[in-house]
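Chemist: For reference, the structure I am asking about is given below.
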Amino acid sequence: MDRKKLYPWYFTSGALIIFFLLCFLPGIIGILYSFTDWNNFTDKINFVGLKNYLEIFKGKPEYRMYIWNTVVFTTVTTILKTVVGLALALLLTQKVIKLKNFHRMIIFSPQVISYLVVGLVFKSMLHPQTGFLNNFLKSIGLDFLAMNWLTDLTTVFPTVMSVDTWKGMGYIMVVIIAGLMSISPDYYEAANIDGANFWQKFRLITLPLLKPIIINVTILNVTYGFRVFDMIYSLTNGGPGNATGVINTAVYKEFSKGNYAMGTTLSSILFFILLFLLYFIVKSMENKEVQM
Amino acid sequence: MRKRLKKLLSTICITMMAGSVLAGCGGSSSSNTTDTKSSNGNEAVTLTFGSHQSGLPTSAVVQNLAKEFESETGIKIDFQISPDAQWRDLLKVKLDSGEAPDIFCADADPLNLVTRVNPEKYCMDVTNEEWVKRMDTNVIPSISYKDKVYGITFPGKKMYFYVYNKEIFEKLGLKVPTNYEEFKNVCQKIKDSGVTPIFEGTQNGWHQVLPLFETGAMYQQKHQDLYNKLNKNEVDLDSVTELQTVISELKEFANLGFYGDNYLSNSVENAKEAMANGKAAMFIGESAWRNEVKADFPDFDINKLGIFVMPWADNQAIGVNPASNAYFINKNGKHSAEALKFFEFLAKPENLQKRLDGQPGLSEICWPEIKSKYSKEDQAYIDSLQKGMVMQAGVKYIDSQWMDVGKDLEAMYTGSSTPEDVLKTIMTRRTEQAKLQKDPDWNK
């Protein structure tokens, strides 16, 4: 490549300045605010050191529960979306399936609906008495399966995660299908000649070649999972009680209480967790490029 | 060729990126108000009016008045209604971010106006308007801060009762309960007959909290100078043993199944149907709530519904709340002058009368020139009761955490916390709020 013909470095300066002013700087200021007692009621801001962080890690147990809930939500939805998305992608690239694009469209369609709409629709569908799901279960004689989906402590979190998976899996499926299409059919042909069965082909050809895609998908899912807000807000508003509260619902709550400093502290923690995780995910991506 | 294409593409990309970044900034700062050219060529103004569901009567009387206002002045009003459970938080976020509508509705009481809408910063001062003098003087403190009036309000004083189905009571030979034990027996008998004794809906977030603080009149009778002491941080809520009793009794009722099976998924809006169909026998509501039932179920004879005082912790006094929701003008909005015109319009005597007539759930409005709608029987019952101010209107840092207490109670009902935890959490939140606001009585 002719190095002289590349664009000079200062061509990036415009983008860099905008990025610095609108993304980087506010982020840093936000983190700085987490060491203060910034709130709605006074204009004076005092430095309080690590008080807010200590409050989260040693004070009210709710905060730790929010963090724990966020971690659980992220882990479970990431795994579910990837597994279901991968399974659907494999299914919808098989030759035997008719009307593939139609099916893909149907499964992808939840992705284009707003989170709030999905939340409200499911809220009414999951109502124990008037909701579609329980009425359907009762009509086919499965009364014992009809539950208080969104108000029972044991079922509420799995329900929320399932709804979220339903909404998100289509997108993951589409990304994986794109990855599957890019795998050269030659490998499968060679494997067929060697007499490999479906699982062997999946384990030894598909999965290794899909690795970069799966890592990307994981990054998408993890970053989404940690930032989740709309889905929980519209489905349960963090309830019953605070059982499904996550970091971002807590941030919203603190801001609305006028306790801005605590809100920024919580979002700073979210930022650090994400930074830490993404570092390792990206690192693992660098090291494990598939060698063919 | 390829190079030129590349150049073109990157130019487009950069322009789009820069554009989208700037568009993002511009979008948020632009006002919520939209201007459209009207047919006669003048600038037609559209005012935005933000409210929670219970801030605007379901009979749409305010919307109808707004239409009349539009035909009179050409100023259009666009209503944006949010769910009850979200409005308080949403409004504050909107105010703080400069995206508040031109007119907004908020719950108003003397103690919490400042935490809720920060009137000096966000609301237009209306102290010198002619109509302010016509409002009941008792409600003025609810919409004032530091001797300045900031809003307009209509509903009269609020009192919550148990509205009950007399027919069900008669059929089962039950008498109106006057203490907790009787209340429990009554509920048990109703439940045994296959009817849900009490309709409760926790989805709105506020309704389940009423028994705790509407019983404030009784707390005051038992503890002298209670509100003053609480506000000066001389005593805390745990000294009010009756409050703990009420919370435990609520839990007991839930355990006994007196709220039915689906109260955690129910909304308050469904109460009318449940009461009209005889599926539930009691519901906490204002006396005039019965007229709302009538409006939705015209075939239902509302004379079947009576009222009695909430007998939690043997309470027999009725809590009066002088506060209610009020409308405020966004000081920083583009069209505050037009918004003020709308207030003037609403305050005209004929429109006040329309407002009272058009809202079945309202017995009186806080404008003494308009006569109230209480029936003789209700008026006699209400007159016979001892009255006192509800706790949230008299004690600091209660009302601001109302929705949180709703969630605490939900958590208690699901079993993830105990009645003792609920009270402790309420106390902690009060201390937190007081410290946050640098209340001198908490920072001694």
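Quick note on naming: the chains in the structure tokens go A, B, ... in the order shown, residues restart at 1 in each chain, and ligands are numbered from 1 in order of appearance.
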Dump as JSON lines the rows for residues of chain B within 6 Å of chain A: closest atom pair and distance in Å with one decimal, only C-alpha atoms counted, ordered by chain and rising residue number.
Modeler:
{"residue": "B:Asp89", "atom": "CA", "partner": "A:Ser256", "partner_atom": "CA", "distance": 4.8}
{"residue": "B:Lys92", "atom": "CA", "partner": "A:Ser256", "partner_atom": "CA", "distance": 5.9}
{"residue": "B:Lys407", "atom": "CA", "partner": "A:Gly241", "partner_atom": "CA", "distance": 4.3}
{"residue": "B:Asp408", "atom": "CA", "partner": "A:Gly241", "partner_atom": "CA", "distance": 5.4}
{"residue": "B:Glu410", "atom": "CA", "partner": "A:Gly241", "partner_atom": "CA", "distance": 4.8}
{"residue": "B:Ala411", "atom": "CA", "partner": "A:Gly241", "partner_atom": "CA", "distance": 3.9}
{"residue": "B:Gln437", "atom": "CA", "partner": "A:Phe41", "partner_atom": "CA", "distance": 5.6}
Chemist: Could you save the residues just selected, with N, CA and C atoms, as a PDB file, in the first residue's frame?
Modeler:
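Just written: part_20.pdb:
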ATOM      1  N   ASP B  89     -41.577  10.815  38.651  1.00  0.00           N
ATOM      2  CA  ASP B  89     -40.180  10.727  38.230  1.00  0.00           C
ATOM      3  C   ASP B  89     -39.989  11.419  36.888  1.00  0.00           C
ATOM      4  N   LYS B  92     -40.036  15.236  36.936  1.00  0.00           N
ATOM      5  CA  LYS B  92     -38.818  15.840  37.470  1.00  0.00           C
ATOM      6  C   LYS B  92     -37.694  15.772  36.459  1.00  0.00           C
ATOM      7  N   LYS B 407     -44.070   0.375  46.600  1.00  0.00           N
ATOM      8  CA  LYS B 407     -43.218  -0.759  46.217  1.00  0.00           C
ATOM      9  C   LYS B 407     -42.819  -1.575  47.441  1.00  0.00           C
ATOM     10  N   ASP B 408     -42.563  -0.878  48.567  1.00  0.00           N
ATOM     11  CA  ASP B 408     -42.224  -1.600  49.799  1.00  0.00           C
ATOM     12  C   ASP B 408     -43.354  -2.545  50.180  1.00  0.00           C
ATOM     13  N   GLU B 410     -45.597  -3.804  48.209  1.00  0.00           N
ATOM     14  CA  GLU B 410     -45.608  -4.893  47.229  1.00  0.00           C
ATOM     15  C   GLU B 410     -44.609  -5.965  47.643  1.00  0.00           C
ATOM     16  N   ALA B 411     -43.399  -5.506  48.008  1.00  0.00           N
ATOM     17  CA  ALA B 411     -42.358  -6.443  48.431  1.00  0.00           C
ATOM     18  C   ALA B 411     -42.815  -7.218  49.661  1.00  0.00           C
ATOM     19  N   GLN B 437     -31.711  17.330  51.657  1.00  0.00           N
ATOM     20  CA  GLN B 437     -32.200  18.703  51.550  1.00  0.00           C
ATOM     21  C   GLN B 437     -31.596  19.603  52.616  1.00  0.00           C
TER      22      GLN B 437
END
Chemist: If you count only C-alpha atoms, which residues fall within 6 Å of stretch 289-306 of chain B, apart from same-chain ones fewer than 4 positions away, as a list in words?
Modeler: Val163, Tyr164, Asn165, Lys166, Lys272, Gly285, Pro360 and Gly361 of chain B
Chemist: Those same residues, written as a short mmCIF file (atom, residue, chain, number, x, y, z; two decimals), in the first residue's frame with N, CA and C atoms?
Modeler:
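That gives us part_37.cif:
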data_model
loop_
_atom_site.label_atom_id
_atom_site.label_comp_id
_atom_site.auth_asym_id
_atom_site.auth_seq_id
_atom_site.Cartn_x
_atom_site.Cartn_y
_atom_site.Cartn_z
N VAL B 163 -65.52 2.35 50.29
CA VAL B 163 -66.81 2.33 49.63
C VAL B 163 -67.25 0.87 49.64
N TYR B 164 -68.46 0.58 50.15
CA TYR B 164 -68.84 -0.84 50.26
C TYR B 164 -70.20 -1.09 49.62
N ASN B 165 -70.40 -2.34 49.25
CA ASN B 165 -71.64 -2.75 48.62
C ASN B 165 -72.65 -3.14 49.70
N LYS B 166 -73.64 -2.27 49.90
CA LYS B 166 -74.61 -2.50 50.99
C LYS B 166 -75.37 -3.80 50.79
N LYS B 272 -63.94 -0.24 39.40
CA LYS B 272 -65.34 0.09 39.10
C LYS B 272 -66.08 -1.14 38.61
N GLY B 285 -61.93 4.50 48.29
CA GLY B 285 -62.13 5.56 47.32
C GLY B 285 -62.74 6.77 48.00
N PRO B 360 -67.64 13.29 37.40
CA PRO B 360 -68.52 12.59 38.33
C PRO B 360 -67.83 12.25 39.64
N GLY B 361 -66.51 12.05 39.61
CA GLY B 361 -65.80 11.62 40.81
C GLY B 361 -65.51 12.73 41.79
#
Chemist: Just want the 9 Å neighbourhood of B:Phe161, counted on only C-alpha atoms, with same-chain residues fewer than 2 positions away dropped. Output as a PyMOL selection string.
Modeler: chain B and resi 159+163+283-287+307-310+318
Chemist: Keeping only N, CA and C atoms, write the selected residues to a file as an mmCIF file, in the first residue's frame.
Modeler:
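Output contents, as saved in selection-v2.cif:
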data_model
loop_
_atom_site.group_PDB
_atom_site.id
_atom_site.type_symbol
_atom_site.label_atom_id
_atom_site.label_comp_id
_atom_site.auth_asym_id
_atom_site.auth_seq_id
_atom_site.Cartn_x
_atom_site.Cartn_y
_atom_site.Cartn_z
ATOM 1 N N MET B 159 -61.055 13.075 50.957
ATOM 2 C CA MET B 159 -61.213 12.160 52.084
ATOM 3 C C MET B 159 -61.421 10.764 51.515
ATOM 4 N N VAL B 163 -65.521 2.353 50.294
ATOM 5 C CA VAL B 163 -66.814 2.329 49.631
ATOM 6 C C VAL B 163 -67.246 0.865 49.644
ATOM 7 N N PHE B 283 -63.846 -1.121 48.480
ATOM 8 C CA PHE B 283 -62.742 -0.491 47.761
ATOM 9 C C PHE B 283 -62.458 0.862 48.404
ATOM 10 N N ILE B 284 -61.184 1.191 48.540
ATOM 11 C CA ILE B 284 -60.860 2.500 49.116
ATOM 12 C C ILE B 284 -61.025 3.569 48.040
ATOM 13 N N GLY B 285 -61.926 4.504 48.292
ATOM 14 C CA GLY B 285 -62.133 5.564 47.318
ATOM 15 C C GLY B 285 -62.735 6.774 47.997
ATOM 16 N N GLU B 286 -62.802 7.851 47.246
ATOM 17 C CA GLU B 286 -63.467 9.021 47.790
ATOM 18 C C GLU B 286 -64.972 8.798 47.671
ATOM 19 N N SER B 287 -65.721 9.569 48.431
ATOM 20 C CA SER B 287 -67.166 9.384 48.444
ATOM 21 C C SER B 287 -67.756 9.486 47.036
ATOM 22 N N ILE B 307 -70.463 4.337 52.390
ATOM 23 C CA ILE B 307 -69.077 4.613 52.769
ATOM 24 C C ILE B 307 -68.890 4.407 54.272
ATOM 25 N N PHE B 308 -67.691 3.960 54.649
ATOM 26 C CA PHE B 308 -67.339 3.966 56.077
ATOM 27 C C PHE B 308 -65.849 4.244 56.229
ATOM 28 N N VAL B 309 -65.489 4.688 57.410
ATOM 29 C CA VAL B 309 -64.100 5.061 57.694
ATOM 30 C C VAL B 309 -63.224 3.819 57.723
ATOM 31 N N MET B 310 -61.996 3.925 57.233
ATOM 32 C CA MET B 310 -61.074 2.785 57.252
ATOM 33 C C MET B 310 -60.779 2.362 58.686
ATOM 34 N N ILE B 318 -61.500 10.514 60.362
ATOM 35 C CA ILE B 318 -61.290 10.616 58.926
ATOM 36 C C ILE B 318 -60.177 11.627 58.623
#
Chemist: Name the residues in contact with A:Leu278 at a cut-off of 10 Å, using only C-alpha atoms, excluding same-chain residues fewer than 3 positions from it; report them as a PyMOL selection string.
Modeler: chain A and resi 218-219+222-223+272-275+281-284
Chemist: Could the residues in this selection be written to a file with C-alpha atoms, as a compact mmCIF listing (two decimals), in the first residue's frame?
Modeler:
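The resulting file, part-v3.txt, is reproduced below:
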# COMPACT_ATOMS: atom_id res chain seq x y z
CA THR A 218 -21.56 -11.66 22.86
CA ILE A 219 -20.20 -8.12 23.07
CA VAL A 222 -23.31 -8.07 27.20
CA THR A 223 -23.31 -4.33 26.58
CA PHE A 272 -16.29 0.30 35.10
CA ILE A 273 -17.88 -3.13 34.97
CA LEU A 274 -18.45 -2.81 31.23
CA LEU A 275 -14.95 -1.52 30.60
CA ILE A 281 -13.74 -10.07 25.65
CA VAL A 282 -11.79 -8.03 23.10
CA LYS A 283 -8.52 -9.53 24.36
CA SER A 284 -9.83 -13.04 23.91
Chemist: Please provide as a PyMOL selection string all residues within 12 Å of A:Met65, with the sequence filter that same-chain residues fewer than 6 positions apart are discarded (counting only C-alpha atoms).
Modeler: chain A and resi 56-59+71-73+238+242-247+250
Chemist: So which residues of stretch 140-216 of chain B fall under helix (DSSP H, G or I) by DSSP, listed as a PyMOL selection string?
Modeler: chain B and resi 140-143+166-171+180-192+207-213+216
